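S.K.: I am sharing query-v9.txt, which consists of compact mmCIF, C-alpha atoms:
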# COMPACT_ATOMS: atom_id res chain seq x y z
CA MET O 1 -28.34 -1.72 -64.80
CA LEU O 2 -30.35 -1.76 -61.58
CA ARG O 3 -33.89 -3.02 -62.27
CA LEU O 4 -36.62 -2.19 -59.80
CA VAL O 5 -39.47 -3.84 -61.70
CA THR O 6 -39.33 -7.41 -62.93
CA ASP O 7 -40.82 -8.70 -66.16
CA THR O 8 -39.63 -12.27 -65.72
CA PRO O 9 -42.32 -14.86 -64.96
CA ILE O 10 -41.59 -16.89 -61.84
CA ASP O 11 -40.31 -20.34 -62.63
CA ASP O 12 -43.02 -22.98 -62.03
CA ARG O 13 -40.78 -25.30 -60.01
CA ALA O 14 -39.57 -22.38 -57.91
CA ALA O 15 -43.13 -21.30 -57.28
CA ALA O 16 -43.88 -24.85 -56.17
CA GLY O 17 -41.17 -24.53 -53.55
CA ASP O 18 -38.36 -26.60 -55.08
CA VAL O 19 -35.33 -25.27 -53.19
CA ARG O 20 -32.92 -25.83 -56.08
CA ALA O 21 -35.22 -23.98 -58.47
CA VAL O 22 -35.63 -21.09 -56.02
CA ILE O 23 -31.85 -20.76 -55.63
CA ALA O 24 -31.36 -20.90 -59.40
CA ASP O 25 -34.08 -18.30 -59.93
CA MET O 26 -32.59 -15.93 -57.35
CA GLN O 27 -29.08 -16.32 -58.69
CA ASP O 28 -30.28 -15.70 -62.24
CA ALA O 29 -32.04 -12.54 -61.04
CA TYR O 30 -28.89 -11.51 -59.16
CA ARG O 31 -26.79 -11.94 -62.31
CA LYS O 32 -29.27 -9.79 -64.25
CA GLY O 33 -29.51 -7.11 -61.59
CA ASP O 34 -33.23 -7.84 -61.28
CA PHE O 35 -33.61 -6.62 -57.71
CA ALA O 36 -37.42 -6.76 -57.78
CA ARG O 37 -37.31 -10.43 -58.71
CA ILE O 38 -34.91 -11.18 -55.86
CA ALA O 39 -36.99 -9.22 -53.36
CA ALA O 40 -40.12 -11.07 -54.47
CA ARG O 41 -38.50 -14.22 -53.12
CA PHE O 42 -38.10 -12.87 -49.56
CA ALA O 43 -40.53 -14.31 -47.04
CA ASP O 44 -42.19 -11.79 -44.70
CA ASP O 45 -40.13 -13.07 -41.77
CA ILE O 46 -36.88 -13.75 -43.61
CA ASP O 47 -33.80 -14.13 -41.38
CA TRP O 48 -30.68 -12.93 -43.22
CA LEU O 49 -27.07 -13.02 -42.04
CA PHE O 50 -23.93 -12.48 -44.06
CA GLN O 51 -20.89 -13.29 -41.92
CA ALA O 52 -18.62 -10.28 -42.35
CA PRO O 53 -17.97 -7.06 -40.47
CA SER O 54 -20.93 -4.77 -41.11
CA SER O 55 -18.72 -1.79 -40.31
CA ILE O 56 -16.81 -2.25 -43.54
CA PHE O 57 -19.17 -3.97 -45.98
CA PRO O 58 -22.66 -3.08 -47.15
CA ALA O 59 -25.33 -5.81 -47.08
CA VAL O 60 -23.75 -7.81 -44.30
CA GLY O 61 -24.61 -8.46 -40.71
CA ARG O 62 -27.97 -9.71 -39.55
CA CYS O 63 -31.37 -8.40 -40.54
CA ARG O 64 -34.85 -9.78 -40.12
CA GLY O 65 -38.02 -9.22 -42.11
CA ARG O 66 -38.57 -8.49 -45.79
CA ALA O 67 -38.28 -4.72 -45.47
CA ALA O 68 -34.98 -4.86 -43.60
CA VAL O 69 -33.45 -7.35 -46.03
CA ARG O 70 -34.64 -5.28 -49.01
CA CYS O 71 -32.89 -2.22 -47.54
CA THR O 72 -29.72 -4.16 -46.86
CA PHE O 73 -29.74 -5.72 -50.30
CA ALA O 74 -30.47 -2.37 -51.93
CA ALA O 75 -27.31 -0.98 -50.30
CA LEU O 76 -25.35 -3.64 -52.13
CA VAL O 77 -26.91 -3.26 -55.56
CA VAL O 78 -26.76 0.53 -55.42
CA ARG O 79 -23.04 0.33 -54.72
CA TYR O 80 -22.11 -2.59 -56.99
CA HIS O 81 -23.03 -4.00 -60.37
CA VAL O 82 -22.96 -7.80 -60.57
CA GLU O 83 -20.59 -8.61 -63.41
CA SER O 84 -20.93 -12.37 -63.02
CA LEU O 85 -22.06 -15.07 -60.64
CA VAL O 86 -21.02 -18.64 -61.37
CA THR O 87 -22.19 -21.37 -59.02
CA ASP O 88 -20.05 -24.50 -58.67
CA HIS O 89 -22.62 -26.87 -57.36
CA VAL O 90 -25.84 -26.62 -55.39
CA ILE O 91 -26.60 -29.21 -52.72
CA ALA O 92 -30.26 -29.55 -51.81
CA GLU O 93 -32.07 -31.57 -49.19
CA GLY O 94 -35.68 -31.01 -48.24
CA ASP O 95 -36.32 -27.30 -47.85
CA ARG O 96 -32.63 -26.44 -47.47
CA GLY O 97 -29.85 -25.81 -49.93
CA ALA O 98 -26.24 -24.66 -50.11
CA GLY O 99 -23.75 -23.72 -52.76
CA VAL O 100 -20.52 -21.92 -53.52
CA ALA O 101 -20.33 -19.22 -56.15
CA ASP O 102 -17.62 -17.11 -57.73
CA VAL O 103 -18.94 -13.56 -57.78
CA VAL O 104 -17.52 -10.58 -59.61
CA LEU O 105 -18.81 -7.18 -58.50
CA VAL O 106 -17.97 -3.88 -60.13
CA GLU O 107 -18.18 -0.71 -58.09
CA ARG O 108 -20.63 1.66 -59.76
CA ASP O 109 -18.54 4.66 -58.69
CA GLY O 110 -14.94 4.11 -59.65
CA GLY O 111 -15.30 0.85 -61.52
CA ARG O 112 -13.19 -1.21 -59.14
CA THR O 113 -13.65 -4.94 -59.68
CA ILE O 114 -14.04 -7.22 -56.67
CA ARG O 115 -13.83 -10.97 -57.07
CA CYS O 116 -14.96 -13.13 -54.20
CA ARG O 117 -16.06 -16.65 -53.49
CA ILE O 118 -19.25 -16.91 -51.50
CA ALA O 119 -20.69 -19.92 -49.68
CA SER O 120 -24.44 -19.59 -49.25
CA PHE O 121 -26.97 -21.53 -47.22
CA PHE O 122 -30.70 -21.25 -47.92
CA ARG O 123 -33.95 -22.36 -46.40
CA VAL O 124 -37.09 -22.12 -48.52
CA GLN O 125 -40.75 -22.48 -47.64
CA ASN O 126 -43.60 -22.17 -50.15
CA GLY O 127 -41.21 -20.87 -52.78
CA LEU O 128 -39.92 -18.06 -50.54
CA LEU O 129 -36.56 -17.61 -48.87
CA THR O 130 -36.95 -17.76 -45.09
CA HIS O 131 -33.30 -18.07 -44.03
CA TYR O 132 -30.04 -17.04 -45.66
CA ARG O 133 -26.50 -17.39 -44.36
CA GLY O 134 -23.54 -16.17 -46.40
CA PHE O 135 -19.81 -16.62 -45.88
CA THR O 136 -16.83 -15.21 -47.70
CA ASP O 137 -13.14 -14.72 -47.04
CA SER O 138 -13.90 -11.26 -45.67
CA PHE O 139 -10.25 -10.41 -45.07
CA ASP O 140 -9.46 -10.98 -48.75
CA THR O 141 -12.62 -9.19 -49.86
CA ARG O 142 -11.72 -6.18 -47.73
CA GLU O 143 -8.27 -6.02 -49.32
CA ARG O 144 -9.79 -6.22 -52.80
CA GLU O 145 -12.46 -3.66 -51.99
CA SER O 146 -9.97 -1.16 -50.61
CA ALA O 147 -7.21 -2.13 -53.09
CA THR O 148 -4.78 -2.15 -50.19
CA ILE O 149 -2.83 -4.77 -48.30
CA LEU O 150 -4.02 -4.71 -44.72
CA ARG O 151 -1.31 -4.01 -42.16
CA PHE O 152 -1.22 -5.70 -38.80
CA MET R 1 -19.65 -45.00 -58.90
CA ARG R 2 -22.50 -43.08 -57.30
CA VAL R 3 -22.07 -42.38 -53.61
CA SER R 4 -25.19 -42.73 -51.48
CA GLU R 5 -26.32 -40.06 -49.05
CA GLY R 6 -26.07 -42.62 -46.27
CA GLU R 7 -22.41 -43.26 -47.04
CA THR R 8 -21.69 -39.53 -47.20
CA ARG R 9 -23.39 -39.01 -43.82
CA GLU R 10 -21.35 -41.83 -42.27
CA ILE R 11 -18.06 -40.40 -43.52
CA LEU R 12 -19.05 -36.90 -42.40
CA ALA R 13 -20.03 -38.10 -38.93
CA ALA R 14 -16.79 -40.09 -38.58
CA LEU R 15 -14.73 -37.11 -39.72
CA PHE R 16 -16.31 -34.65 -37.30
CA ASN R 17 -16.27 -37.14 -34.43
CA ALA R 18 -12.56 -37.69 -34.99
CA TYR R 19 -12.03 -33.93 -35.11
CA ARG R 20 -13.99 -33.38 -31.90
CA ARG R 21 -12.11 -36.18 -30.12
CA ARG R 22 -8.77 -34.75 -31.34
CA ASP R 23 -8.24 -38.18 -32.94
CA PHE R 24 -5.62 -37.10 -35.46
CA ASP R 25 -5.00 -40.60 -36.89
CA GLY R 26 -8.73 -41.24 -37.24
CA PHE R 27 -9.20 -37.89 -38.95
CA VAL R 28 -6.32 -38.41 -41.35
CA ALA R 29 -7.50 -41.92 -42.22
CA LEU R 30 -10.65 -40.37 -43.68
CA LEU R 31 -8.75 -38.11 -46.08
CA HIS R 32 -8.41 -39.25 -49.70
CA ASP R 33 -4.89 -39.47 -51.14
CA ASP R 34 -5.87 -36.91 -53.78
CA ILE R 35 -7.74 -34.54 -51.47
CA ASP R 36 -8.26 -30.95 -52.59
CA TRP R 37 -8.42 -28.80 -49.44
CA ILE R 38 -8.92 -25.08 -48.96
CA ILE R 39 -9.34 -23.08 -45.78
CA HIS R 40 -10.20 -19.58 -46.95
CA GLY R 41 -8.32 -17.02 -44.89
CA PRO R 42 -5.20 -14.84 -44.75
CA ILE R 43 -2.07 -16.99 -44.69
CA GLU R 44 -0.22 -14.02 -43.14
CA VAL R 45 -2.26 -14.66 -39.98
CA PHE R 46 -3.16 -18.35 -40.36
CA SER R 47 -0.21 -20.07 -42.02
CA PHE R 48 -2.23 -23.29 -42.40
CA ALA R 49 -4.85 -21.57 -44.57
CA GLY R 50 -5.03 -21.71 -48.36
CA LEU R 51 -5.00 -24.47 -50.92
CA ARG R 52 -3.48 -27.86 -50.15
CA ARG R 53 -3.49 -30.70 -52.66
CA GLY R 54 -2.88 -34.31 -51.65
CA ARG R 55 -2.94 -35.90 -48.22
CA PRO R 56 0.72 -35.07 -47.30
CA ALA R 57 0.10 -31.37 -47.93
CA VAL R 58 -3.05 -31.44 -45.78
CA LEU R 59 -1.20 -33.29 -43.02
CA GLN R 60 1.43 -30.59 -43.07
CA ALA R 61 -1.23 -27.87 -42.77
CA LEU R 62 -2.90 -29.73 -39.90
CA ALA R 63 0.45 -30.09 -38.14
CA VAL R 64 1.07 -26.36 -38.47
CA MET R 65 -2.43 -25.67 -37.15
CA GLY R 66 -1.78 -27.99 -34.19
CA LEU R 67 1.34 -26.03 -33.25
CA SER R 68 -0.68 -22.82 -32.86
CA TYR R 69 -4.23 -23.86 -31.94
CA SER R 70 -6.11 -26.57 -30.13
CA LEU R 71 -9.76 -27.31 -30.73
CA HIS R 72 -12.00 -26.23 -27.88
CA SER R 73 -15.34 -27.12 -29.45
CA TYR R 74 -16.93 -27.95 -32.79
CA GLU R 75 -20.72 -27.80 -32.81
CA PRO R 76 -22.40 -28.40 -36.19
CA ASP R 77 -26.05 -27.31 -36.26
CA PHE R 78 -26.91 -27.37 -39.95
CA THR R 79 -26.08 -30.30 -42.21
CA ILE R 80 -27.40 -31.12 -45.64
CA VAL R 81 -26.32 -34.04 -47.76
CA GLU R 82 -26.98 -34.85 -51.38
CA ASP R 83 -25.27 -37.82 -53.04
CA ASP R 84 -21.51 -37.37 -52.57
CA ARG R 85 -21.67 -33.80 -51.24
CA ALA R 86 -22.41 -32.23 -47.89
CA ALA R 87 -22.64 -28.71 -46.49
CA VAL R 88 -22.31 -27.96 -42.80
CA MET R 89 -22.48 -24.86 -40.63
CA ALA R 90 -20.83 -25.06 -37.24
CA ASP R 91 -19.81 -22.95 -34.26
CA ILE R 92 -16.12 -23.48 -33.65
CA SER R 93 -13.88 -22.34 -30.86
CA LEU R 94 -10.11 -22.73 -30.84
CA THR R 95 -7.57 -21.96 -28.15
CA GLN R 96 -4.55 -20.02 -29.35
CA LEU R 97 -1.73 -21.87 -27.63
CA ALA R 98 0.70 -18.94 -27.43
CA THR R 99 -1.74 -16.66 -25.61
CA GLY R 100 -4.51 -18.89 -24.27
CA ARG R 101 -6.92 -16.67 -26.17
CA LEU R 102 -10.16 -18.33 -27.28
CA LEU R 103 -11.20 -17.68 -30.89
CA ARG R 104 -14.91 -18.17 -31.57
CA PHE R 105 -16.36 -18.14 -35.05
CA ARG R 106 -19.00 -19.64 -37.28
CA ALA R 107 -17.78 -21.65 -40.23
CA ALA R 108 -19.16 -23.23 -43.36
CA ASN R 109 -17.71 -26.55 -44.49
CA LEU R 110 -18.42 -27.96 -47.94
CA ILE R 111 -17.30 -31.51 -48.47
CA ARG R 112 -17.26 -34.08 -51.27
CA VAL R 113 -16.49 -37.75 -50.74
CA ALA R 114 -15.15 -40.46 -53.04
CA GLY R 115 -13.99 -43.99 -52.37
CA GLY R 116 -15.15 -43.81 -48.78
CA LYS R 117 -13.02 -40.76 -47.99
CA VAL R 118 -13.09 -36.98 -48.16
CA ILE R 119 -11.70 -35.81 -51.50
CA GLU R 120 -12.73 -32.15 -51.38
CA PHE R 121 -12.91 -29.82 -48.38
CA ARG R 122 -13.70 -26.11 -48.28
CA GLU R 123 -13.93 -23.95 -45.18
CA PHE R 124 -15.32 -20.41 -45.13
CA ALA R 125 -15.62 -18.06 -42.16
CA ASP R 126 -15.58 -14.35 -41.46
CA SER R 127 -11.80 -14.28 -41.84
CA PHE R 128 -11.50 -10.57 -41.04
CA ASP R 129 -13.06 -11.18 -37.64
CA GLN R 130 -10.98 -14.34 -37.19
CA ALA R 131 -7.79 -12.39 -37.91
CA GLU R 132 -8.71 -9.68 -35.40
CA GLN R 133 -9.41 -12.34 -32.77
CA ALA R 134 -6.11 -14.06 -33.52
CA LEU R 135 -4.16 -10.81 -33.35
CA GLY R 136 -6.04 -9.68 -30.26
CA ARG R 137 -6.72 -6.23 -31.65
CA LEU R 138 -8.48 -4.34 -34.41
CA ILE R 139 -6.87 -4.32 -37.83
CA GLU R 140 -5.98 -0.87 -39.08
CA LEU R 141 -8.11 0.05 -42.11
What is this file in structure tokens?

M.R.:
Amino acid sequence: MLRLVTDTPIDDRAAAGDVRAVIADMQDAYRKGDFARIAARFADDIDWLFQAPSSIFPAVGRCRGRAAVRCTFAALVVRYHVESLVTDHVIAEGDRGAGVADVVLVERDGGRTIRCRIASFFRVQNGLLTHYRGFTDSFDTRERESATILRF
Amino acid sequence: MRVSEGETREILAALFNAYRRRDFDGFVALLHDDIDWIIHGPIEVFSFAGLRRGRPAVLQALAVMGLSYSLHSYEPDFTIVEDDRAAVMADISLTQLATGRLLRFRAANLIRVAGGKVIEFREFADSFDQAEQALGRLIEL
């Protein structure tokens, strides 16, 4: 279910700016499809870049500012339901964090399941996400998304 | 035994310095016997990609990589360390030996150390773009 209004109180540690708590809060919201809660974590001047061809994936490429990232993120959650998101380990230092997660997305139209491993890098200030960088094996993800073996 | 952040930083710096200097022996000396190594990418294009377990398997992958590519530059610009783990983002460029083509990409490296060596290594990049660069053309969708 895509939720546009959140009823989850913001975690105290996350509100205080603890990068690990902010990441955990966002990932929990992502798992629950709580888009409003995720968007509430975007800083006004957020700088977002997911390293994959924007011509073939939604929610990738670079966008700046809360409104642009909300639009990009909305394209993802409208198209896919998050079946699961399991994070291996989060590394945190100062206002920066990184982690690797196994993500399972289910296409809302068609029900195709896409499994991918995503490495994420975060920078947090005052409890808000100011920078995000995401990496995945985009070749593999494209094959899973299209259910075809790419020819070359 | 708990690994300090200082020790992790030292190992990381030594590893990347060896890589940048093309110091193969120095690089290999920093790999744990039981290393768990994954470069995420299509093995149809990059035969050295995928899971390798144990130092001999990683050496074999590095040897295969060395037959096809030489490192042009490795420029890390984001490093975080916590205990025995580190995460790095870097701009990398490789020369494809067969064509002289330069591949440029941004990569994420996630590393864990134990016993003074690297025991876990993960590399992520936009592998679709990497494959198109390696092939020198767009991939048919």

S.K.: Hey, which of R:Ile139, R:Tyr74, R:Ala114, R:Asp126 ends up closest to Val60 in chain O? Count all atoms listed in the file.

M.R.: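 Nearest candidate to Val60 in chain O out of R:Ile139, R:Tyr74, R:Ala114, R:Asp126: R:Asp126.
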
S.K.: Report the distance between CA of Glu120 in chain R and CA of Leu129 in chain O in Å, rounded to one decimal place.

M.R.: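 Rounded to one decimal, the two atoms are 28.0 Å apart.
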
S.K.: Give the answer as one residue: which of O:Val106, O:Leu49, O:Ala75, O:Val69 has the shortest atom-to-atom distance to chain R, using only C-alpha atoms?

M.R.: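 Closest residue, counting only C-alpha atoms: O:Leu49.
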
S.K.: I need the residue nearest Ala108 in chain R from this list: O:Ala24, O:Ala52, O:Val124, O:Ala98. Use all atoms listed in the file for the distance.

M.R.: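 Of all the options, O:Ala98 lies closest to Ala108 in chain R.
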
S.K.: Hey, can you check how far CA of Arg52 in chain R sits from CA of Trp37 in chain R?

M.R.: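 Between these atoms lies a distance of 5.1 Å.
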
S.K.: Separation of CA of Glu82 in chain R and CA of Ile38 in chain R, in Å?

M.R.: 20.7 Å

S.K.: May I ask you to extract the residues of chain R within 12 Å of chain O, using only C-alpha atoms, and to give them as a VMD selection string?

M.R.: chain R and resid 5 38 to 46 49 to 50 78 to 90 105 to 112 122 to 132 134 to 141

S.K.: May I have a table of the residues of range 61-130 of chain R lying at most 7 Å from range 19-33 of chain R, giving each one's closest pair of atoms and their distance in Å to one decimal, counting all atoms listed in the file, ordered by chain and ascending residue number, as a Markdown table?

M.R.:
| residue | atom | partner | partner_atom | distance |
| --- | --- | --- | --- | --- |
| R:Ser73 | CA | R:Arg20 | CA | 6.9 |
| R:Tyr74 | CA | R:Arg20 | CA | 6.2 |
| R:Lys117 | CA | R:Leu30 | CA | 4.9 |
| R:Val118 | CA | R:Leu31 | CA | 4.9 |
| R:Ile119 | CA | R:His32 | CA | 5.1 |

S.K.: Could you tell me, as a PyMOL selection string, which residues have any atom at most 6 Å from (-19.2, -9.2, -55.3), counting all atoms listed in the file?

M.R.: chain O and resi 103-105+114-116

S.K.: Output C-alpha atoms for every residue in the selection just made, as a tab-separated table (two decimals), in the frame of the given file.

M.R.:
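Just written: result12.tsv:
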chain	number	residue	atom	x	y	z
O	103	VAL	CA	-18.94	-13.56	-57.78
O	104	VAL	CA	-17.52	-10.58	-59.61
O	105	LEU	CA	-18.81	-7.18	-58.50
O	114	ILE	CA	-14.04	-7.22	-56.67
O	115	ARG	CA	-13.83	-10.97	-57.07
O	116	CYS	CA	-14.96	-13.13	-54.20

S.K.: Taking 3 positions as the minimum chain separation for residues in the same chain, which residues sit within 9 Å of Val58 in chain R when counting all atoms listed in the file? Answer as an mmCIF file with C-alpha atoms, in the frame of the given file.

M.R.:
data_model
loop_
_atom_site.group_PDB
_atom_site.id
_atom_site.type_symbol
_atom_site.label_atom_id
_atom_site.label_comp_id
_atom_site.auth_asym_id
_atom_site.auth_seq_id
_atom_site.Cartn_x
_atom_site.Cartn_y
_atom_site.Cartn_z
ATOM 1 C CA VAL R 28 -6.320 -38.410 -41.350
ATOM 2 C CA LEU R 31 -8.750 -38.110 -46.080
ATOM 3 C CA ILE R 35 -7.740 -34.540 -51.470
ATOM 4 C CA ASP R 36 -8.260 -30.950 -52.590
ATOM 5 C CA TRP R 37 -8.420 -28.800 -49.440
ATOM 6 C CA PHE R 48 -2.230 -23.290 -42.400
ATOM 7 C CA LEU R 51 -5.000 -24.470 -50.920
ATOM 8 C CA ARG R 52 -3.480 -27.860 -50.150
ATOM 9 C CA ARG R 53 -3.490 -30.700 -52.660
ATOM 10 C CA GLY R 54 -2.880 -34.310 -51.650
ATOM 11 C CA ARG R 55 -2.940 -35.900 -48.220
ATOM 12 C CA ALA R 61 -1.230 -27.870 -42.770
ATOM 13 C CA LEU R 62 -2.900 -29.730 -39.900
ATOM 14 C CA ALA R 63 0.450 -30.090 -38.140
#

S.K.: Quick one: residues within 6 Å of Leu94 in chain R, only C-alpha atoms, excluding same-chain residues fewer than 3 positions away - as a list in words?

M.R.: Ser70, Leu71, His72, Leu102 and Leu103 of chain R

S.K.: Fewer than 6 positions away in the same chain doesn't count, so skip those; otherwise give me all residues within 10 Å of Tyr30 in chain O, counting only C-alpha atoms, as a list in words.

M.R.: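 Here the qualifying residues turn out to be Ala24, Ala36, Arg37, Ile38, Val77, His81, Val82, Glu83, Ser84 and Leu85 of chain O.
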
S.K.: May I ask you to restore N, CA, C and O atoms in range 70-88 of chain R and write the result as a PDB file, in the coordinates of the input?

M.R.:
ATOM      1  N   SER R  70      -5.480 -25.299 -30.476  1.00  0.00           N
ATOM      2  CA  SER R  70      -6.110 -26.570 -30.130  1.00  0.00           C
ATOM      3  C   SER R  70      -7.623 -26.372 -30.174  1.00  0.00           C
ATOM      4  O   SER R  70      -8.115 -25.286 -29.829  1.00  0.00           O
ATOM      5  N   LEU R  71      -8.303 -27.407 -30.601  1.00  0.00           N
ATOM      6  CA  LEU R  71      -9.760 -27.310 -30.730  1.00  0.00           C
ATOM      7  C   LEU R  71     -10.404 -27.291 -29.353  1.00  0.00           C
ATOM      8  O   LEU R  71     -10.141 -28.159 -28.521  1.00  0.00           O
ATOM      9  N   HIS R  72     -11.237 -26.300 -29.124  1.00  0.00           N
ATOM     10  CA  HIS R  72     -12.000 -26.230 -27.880  1.00  0.00           C
ATOM     11  C   HIS R  72     -13.364 -26.868 -28.084  1.00  0.00           C
ATOM     12  O   HIS R  72     -13.811 -27.681 -27.282  1.00  0.00           O
ATOM     13  N   SER R  73     -14.048 -26.476 -29.157  1.00  0.00           N
ATOM     14  CA  SER R  73     -15.340 -27.120 -29.450  1.00  0.00           C
ATOM     15  C   SER R  73     -15.680 -26.981 -30.930  1.00  0.00           C
ATOM     16  O   SER R  73     -15.258 -26.032 -31.594  1.00  0.00           O
ATOM     17  N   TYR R  74     -16.435 -27.959 -31.411  1.00  0.00           N
ATOM     18  CA  TYR R  74     -16.930 -27.950 -32.790  1.00  0.00           C
ATOM     19  C   TYR R  74     -18.381 -28.412 -32.724  1.00  0.00           C
ATOM     20  O   TYR R  74     -18.657 -29.544 -32.383  1.00  0.00           O
ATOM     21  N   GLU R  75     -19.299 -27.498 -32.977  1.00  0.00           N
ATOM     22  CA  GLU R  75     -20.720 -27.800 -32.810  1.00  0.00           C
ATOM     23  C   GLU R  75     -21.480 -27.556 -34.116  1.00  0.00           C
ATOM     24  O   GLU R  75     -21.952 -26.440 -34.360  1.00  0.00           O
ATOM     25  N   PRO R  76     -21.615 -28.572 -34.957  1.00  0.00           N
ATOM     26  CA  PRO R  76     -22.400 -28.400 -36.190  1.00  0.00           C
ATOM     27  C   PRO R  76     -23.888 -28.326 -35.867  1.00  0.00           C
ATOM     28  O   PRO R  76     -24.375 -29.072 -35.013  1.00  0.00           O
ATOM     29  N   ASP R  77     -24.607 -27.412 -36.510  1.00  0.00           N
ATOM     30  CA  ASP R  77     -26.050 -27.310 -36.260  1.00  0.00           C
ATOM     31  C   ASP R  77     -26.856 -27.242 -37.545  1.00  0.00           C
ATOM     32  O   ASP R  77     -28.071 -27.022 -37.502  1.00  0.00           O
ATOM     33  N   PHE R  78     -26.199 -27.396 -38.668  1.00  0.00           N
ATOM     34  CA  PHE R  78     -26.910 -27.370 -39.950  1.00  0.00           C
ATOM     35  C   PHE R  78     -26.131 -28.284 -40.883  1.00  0.00           C
ATOM     36  O   PHE R  78     -24.974 -28.020 -41.191  1.00  0.00           O
ATOM     37  N   THR R  79     -26.743 -29.364 -41.301  1.00  0.00           N
ATOM     38  CA  THR R  79     -26.080 -30.300 -42.210  1.00  0.00           C
ATOM     39  C   THR R  79     -27.048 -30.698 -43.311  1.00  0.00           C
ATOM     40  O   THR R  79     -28.187 -31.076 -43.017  1.00  0.00           O
ATOM     41  N   ILE R  80     -26.603 -30.572 -44.550  1.00  0.00           N
ATOM     42  CA  ILE R  80     -27.400 -31.120 -45.640  1.00  0.00           C
ATOM     43  C   ILE R  80     -26.495 -32.001 -46.488  1.00  0.00           C
ATOM     44  O   ILE R  80     -25.311 -31.723 -46.651  1.00  0.00           O
ATOM     45  N   VAL R  81     -27.079 -33.057 -46.992  1.00  0.00           N
ATOM     46  CA  VAL R  81     -26.320 -34.040 -47.760  1.00  0.00           C
ATOM     47  C   VAL R  81     -27.090 -34.356 -49.027  1.00  0.00           C
ATOM     48  O   VAL R  81     -28.317 -34.530 -48.994  1.00  0.00           O
ATOM     49  N   GLU R  82     -26.371 -34.407 -50.124  1.00  0.00           N
ATOM     50  CA  GLU R  82     -26.980 -34.850 -51.380  1.00  0.00           C
ATOM     51  C   GLU R  82     -25.923 -35.654 -52.140  1.00  0.00           C
ATOM     52  O   GLU R  82     -24.869 -35.123 -52.495  1.00  0.00           O
ATOM     53  N   ASP R  83     -26.206 -36.910 -52.365  1.00  0.00           N
ATOM     54  CA  ASP R  83     -25.270 -37.820 -53.040  1.00  0.00           C
ATOM     55  C   ASP R  83     -23.896 -37.757 -52.355  1.00  0.00           C
ATOM     56  O   ASP R  83     -23.799 -38.045 -51.184  1.00  0.00           O
ATOM     57  N   ASP R  84     -22.880 -37.348 -53.108  1.00  0.00           N
ATOM     58  CA  ASP R  84     -21.510 -37.370 -52.570  1.00  0.00           C
ATOM     59  C   ASP R  84     -21.083 -36.057 -51.940  1.00  0.00           C
ATOM     60  O   ASP R  84     -19.920 -35.882 -51.608  1.00  0.00           O
ATOM     61  N   ARG R  85     -22.031 -35.120 -51.752  1.00  0.00           N
ATOM     62  CA  ARG R  85     -21.670 -33.800 -51.240  1.00  0.00           C
ATOM     63  C   ARG R  85     -22.422 -33.475 -49.953  1.00  0.00           C
ATOM     64  O   ARG R  85     -23.553 -33.910 -49.766  1.00  0.00           O
ATOM     65  N   ALA R  86     -21.774 -32.667 -49.131  1.00  0.00           N
ATOM     66  CA  ALA R  86     -22.410 -32.230 -47.890  1.00  0.00           C
ATOM     67  C   ALA R  86     -22.025 -30.787 -47.609  1.00  0.00           C
ATOM     68  O   ALA R  86     -20.956 -30.317 -48.020  1.00  0.00           O
ATOM     69  N   ALA R  87     -22.910 -30.086 -46.930  1.00  0.00           N
ATOM     70  CA  ALA R  87     -22.640 -28.710 -46.490  1.00  0.00           C
ATOM     71  C   ALA R  87     -23.022 -28.627 -45.021  1.00  0.00           C
ATOM     72  O   ALA R  87     -24.075 -29.119 -44.615  1.00  0.00           O
ATOM     73  N   VAL R  88     -22.138 -28.009 -44.251  1.00  0.00           N
ATOM     74  CA  VAL R  88     -22.310 -27.960 -42.800  1.00  0.00           C
ATOM     75  C   VAL R  88     -22.036 -26.541 -42.312  1.00  0.00           C
ATOM     76  O   VAL R  88     -21.118 -25.883 -42.803  1.00  0.00           O
TER      77      VAL R  88
END
